[in-house]
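Visitor: Before I ask anything, let me first share the structure, which is written out below as structure tokens.
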Amino acid sequence: MFRLFDTAAGEIVEIVPMIPGQFSMYVCGPTVYDLAHLGHGRYALVFDILRRYLEWRGLKVRHVSNITDVDDKILERAEAENRSPAEVAAEFEEKWFSTMDRLGVLRPHYIPHATEYVENMIRFIDSLLKADVAYAGDDGIYFDVNKVADYGLLARQSPASLRAGARVAEKEFKRSAMDFVLWKLSETSAWSWESPWGPGRPGWHTECVVMSVDILGEEFDLHGGGLDLSFPHHENERVQAEAMHYKFSRHWVHNGFVMVGSEKMSKSLGNFTTLDELLESTDARAYRLLVLQSHYRSPLDVNAQTVSEASRALERLDSTHQRVIDSGIDLTSSRLNEEELERFRDVMDNDLDTATATARLFELRSRVNQLLDDALLEEAATTCATMEHLFGAIGLDLVGAKEADLPDDVKALLEQREAARNAKEYVRSDQLRKELAALGFLVEDTSVGQKVKRT
RNA sequence: GGCGGCGUGGCCGAGUGGCAUAGGCAAGGGCCUGCAAAGCCCUGUACAGCGGUUCGAUUCCGCUCGCCGCCUCCA
């Protein structure tokens, strides 16, 4: 029994796949006009973890995530840099996936682009007009939210209270402040598509409806994204679909924000760090571990300290992995501890509680070390294999010490040090260890000789 | 203004109507080690405040204080 917090229900609900054994999920992807920041990284990791977990659980997952390549911000950047919007979009899409690869985020099974769906969107908007839930305004076609009974569901607010707080300047012709644009007329810009209403561009909220339904059908299991998409974006998608009598997504899932101090990280606040910046100095797995150590719906502080703590924790995991390898244990043929697998599943089934699951895996790590200390190799093998199998299920692979290509001078120093130690010239060997440390190499003495790590 | 959420040890961060063994990081003490490192063992007066419900509340309810989010583009 797998449960998740469903934003539409406002509580944790049991997730019963529409088709037994399968799972269809649509996750709102990036608008490609700039580099991805830590917040994008978190959502990508959260849904990557969800997908991997469901697959581990034996479900056949269809994971769809779009690329929004039609947007005013893309146009603005293109104009500012005197190139075409398509060029800007292509550049940042490529950069997006290269960063996602570094983060170990699996490619979604389907990656639809808004530009491929413009014709489809025009037909959809036309249907909305025919259904009388949309109308023509001065500068485009608008959705009439008053035609939907429960507008505000995903915001968990009534239409009246939403209206009371509306911060958007009213356009005279709009029937309600919350009405949103489906088709933006743009007679001046070269970047436009022909439509029955004149040249223009589709509004943001329509593409995901059209693409998700095209690929997954009129009803699918889950629709997700960052919490900031719950309203108005997802709500606007939902009401369009509802107006067309689609059953649409059975569940809505949103992840919490990355925080900078006490503020949400966002483009508009300008307080963002790009993922590429983070990855310059940090193992990408450390960010995944940091994300795993908190609950996906909680705000997550990402700063130099929390990142370095996660990096340190990761080092210790890797170091245990290395210890096991050094003990001559063959992990690939080890049995797995069924009890632990079950416990992991129980915890993860409870609203994807990766924090508790990870805590449990750290306990296994500790147990592996204890077993190795006691030379209980067979049990250590099973425990370690189980731990690594489960970390793998959520996308975290442990690695041994990198076989660093040692520069010749380092090799020479190591040889001298070994000789000094064999001769019990400890003052000299400690001096050599210091020299190596200064060169960026950490030397440890073990029962099987010196071990070197790049620092 | 409306709606929602949060406040747990030195820091980060889970969880729970029944002793707060979460976990991570940091710190102190010990074992091991030529010394370190790694590893192991031990240690640390933590549930914002005030009421209420209850045999029992950190957990449920109310109020207060503090912080945050959404209502506009946002992952």
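Residue numbering restarts at 1 in every chain; chains get A, B, ... in the order shown in the structure tokens, and ligands count up from 1 in that same order.
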So that I can check the surroundings of G9 in chain B, please list as a ChimeraX atom specification every protein, DNA and RNA residue that reaches within 12 Å of it, counting only C-alpha atoms (C1' of nucleotides) and ignoring chain neighbours fewer than 5 positions away.
Guide: /B:20,44-47
Visitor: Could you please tell me, as a PyMOL selection string, which residues of chain A have an atom within 8 Å of chain B when using only C-alpha atoms (C1' of nucleotides)?
Guide: chain A and resi 29-30+39-44+155-157+161-168+225-229+231+257+262-263+266-268+293-295+306+309-310+312-313+355-356+358-360+362+369-370+373+424+426+430+443-445
Visitor: For a quick check of understanding, using only C-alpha atoms, which of A:Leu182, A:Leu106, A:Leu432, A:Met121 has the smallest distance to Tyr142 in chain A?
Guide: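 Of A:Leu182, A:Leu106, A:Leu432, A:Met121, the one nearest Tyr142 in chain A, counting only C-alpha atoms, is A:Leu182.
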Visitor: Residues within 8 Å of Pro85 in chain A, please, as a list of chain:residue names. Count only C-alpha atoms (C1' of nucleotides); anything in the same chain fewer than 6 positions from it doesn't count.
Guide: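 Answer for this query is A:Ile74, A:Leu75, A:Arg77, A:Ala78, A:Glu79, A:Trp191.
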Visitor: List the spatial neighbours of range 243-253 of chain A as a list in words - criterion: any atom at most 6 Å away, only C-alpha atoms (C1' of nucleotides), same-chain residues fewer than 3 positions off excluded.
Guide: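 Listed by chain and then number, they are Asp6, Thr7, Glu218, Glu219, Phe220, Asp221, Leu222, His223, Gly224, Val239 and Gln240 of chain A.
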Visitor: I need the chosen residues saved as a compact mmCIF listing (two decimals), in the first residue's frame, with C-alpha atoms.
Guide:
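Final output, out_24.txt:
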```txt
# COMPACT_ATOMS: atom_id res chain seq x y z
CA ASP A 6 -2.20 14.62 -2.51
CA THR A 7 -2.49 18.40 -2.75
CA GLU A 218 -7.34 11.55 -20.49
CA GLU A 219 -6.72 10.02 -17.11
CA PHE A 220 -3.39 9.23 -15.50
CA ASP A 221 -1.97 8.60 -12.06
CA LEU A 222 0.04 11.56 -10.95
CA HIS A 223 0.87 15.12 -11.83
CA GLY A 224 3.72 16.78 -10.01
CA VAL A 239 -9.86 23.35 -14.75
CA GLN A 240 -9.12 23.28 -18.47
```
Visitor: Could you find all residues in range 76-312 of chain A that DSSP calls strand (DSSP E or B) from the backbone, and write them as number ranges by chain?
Guide: A: 110, 113, 134-137, 140-143, 180-185, 193, 200-202, 219-226, 248-255, 258-260, 263-264, 274, 300-301
Visitor: Those selected residues, please, written with C-alpha atoms and delivered as a PDB file, in the first residue's frame.
Guide:
```pdb
ATOM      1  CA  TYR A 110       8.838  11.071 -22.857  1.00  0.00           C
ATOM      2  CA  HIS A 113       8.214  20.190 -26.269  1.00  0.00           C
ATOM      3  CA  ALA A 134     -13.329  30.636 -22.786  1.00  0.00           C
ATOM      4  CA  TYR A 135     -13.800  34.016 -24.394  1.00  0.00           C
ATOM      5  CA  ALA A 136     -11.946  36.527 -26.507  1.00  0.00           C
ATOM      6  CA  GLY A 137     -10.364  39.461 -24.690  1.00  0.00           C
ATOM      7  CA  GLY A 140      -6.017  37.117 -26.453  1.00  0.00           C
ATOM      8  CA  ILE A 141      -8.266  34.236 -25.565  1.00  0.00           C
ATOM      9  CA  TYR A 142      -9.051  33.785 -21.872  1.00  0.00           C
ATOM     10  CA  PHE A 143     -10.356  30.986 -19.729  1.00  0.00           C
ATOM     11  CA  PHE A 180      -5.965  33.352 -17.415  1.00  0.00           C
ATOM     12  CA  VAL A 181      -4.742  33.680 -20.941  1.00  0.00           C
ATOM     13  CA  LEU A 182      -4.904  30.690 -23.284  1.00  0.00           C
ATOM     14  CA  TRP A 183      -3.677  32.393 -26.435  1.00  0.00           C
ATOM     15  CA  LYS A 184      -1.647  35.593 -26.456  1.00  0.00           C
ATOM     16  CA  LEU A 185      -2.107  37.693 -29.582  1.00  0.00           C
ATOM     17  CA  TRP A 193       1.960  30.976 -34.795  1.00  0.00           C
ATOM     18  CA  GLY A 200       0.214  34.660 -31.349  1.00  0.00           C
ATOM     19  CA  ARG A 201       1.588  32.265 -28.788  1.00  0.00           C
ATOM     20  CA  PRO A 202      -0.072  29.793 -26.461  1.00  0.00           C
ATOM     21  CA  GLU A 219      -6.716  10.015 -17.115  1.00  0.00           C
ATOM     22  CA  PHE A 220      -3.394   9.232 -15.497  1.00  0.00           C
ATOM     23  CA  ASP A 221      -1.970   8.597 -12.057  1.00  0.00           C
ATOM     24  CA  LEU A 222       0.043  11.561 -10.946  1.00  0.00           C
ATOM     25  CA  HIS A 223       0.871  15.119 -11.826  1.00  0.00           C
ATOM     26  CA  GLY A 224       3.722  16.776 -10.011  1.00  0.00           C
ATOM     27  CA  GLY A 225       6.084  19.678  -9.693  1.00  0.00           C
ATOM     28  CA  GLY A 226       7.385  22.254  -7.265  1.00  0.00           C
ATOM     29  CA  PHE A 248      -7.127  14.005 -15.843  1.00  0.00           C
ATOM     30  CA  SER A 249      -4.661  13.433 -13.025  1.00  0.00           C
ATOM     31  CA  ARG A 250      -5.821  11.265 -10.154  1.00  0.00           C
ATOM     32  CA  HIS A 251      -3.275  12.773  -7.757  1.00  0.00           C
ATOM     33  CA  TRP A 252      -1.290  15.982  -7.390  1.00  0.00           C
ATOM     34  CA  VAL A 253       2.080  15.934  -5.688  1.00  0.00           C
ATOM     35  CA  HIS A 254       4.285  18.910  -4.902  1.00  0.00           C
ATOM     36  CA  ASN A 255       7.726  19.173  -3.371  1.00  0.00           C
ATOM     37  CA  VAL A 258      14.943  25.051  -1.400  1.00  0.00           C
ATOM     38  CA  MET A 259      15.543  27.780   1.125  1.00  0.00           C
ATOM     39  CA  VAL A 260      18.311  30.324   1.327  1.00  0.00           C
ATOM     40  CA  GLU A 263      13.763  32.756   1.985  1.00  0.00           C
ATOM     41  CA  LYS A 264      12.611  30.594  -0.862  1.00  0.00           C
ATOM     42  CA  THR A 274      23.000  27.312 -10.159  1.00  0.00           C
ATOM     43  CA  LEU A 300      15.256  22.399   2.692  1.00  0.00           C
ATOM     44  CA  ASP A 301      18.147  24.633   3.623  1.00  0.00           C
TER      45      ASP A 301
END
```
Visitor: Please identify all polymer residues within 7 Å of Glu235 in chain A, counting only C-alpha atoms (C1' of nucleotides), omitting same-chain residues fewer than 5 positions from it, and present them as a PyMOL selection string.
Guide: chain A and resi 152+154+230
Visitor: Which residue out of B:U16, B:U8, B:U21, B:U64 has the minimum interatomic distance to G49 in chain B when only C-alpha atoms (C1' of nucleotides) are used?
Guide: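 Of B:U16, B:U8, B:U21, B:U64, the one nearest G49 in chain B is B:U64, counting only C-alpha atoms (C1' of nucleotides).
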Visitor: Would you compute the distance between CA of Leu314 in chain A and CA of Ala286 in chain A? Give it in Å to one decimal.
Guide: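 CA of Leu314 in chain A sits 6.2 Å away from CA of Ala286 in chain A.
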Visitor: Given the choices A:Thr99, A:Arg367, A:Leu128, A:Arg335, which gets closest to Glu242 in chain A if the distance is worked out from only C-alpha atoms?
Guide: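 Distance minimum relative to Glu242 in chain A lands on A:Leu128.
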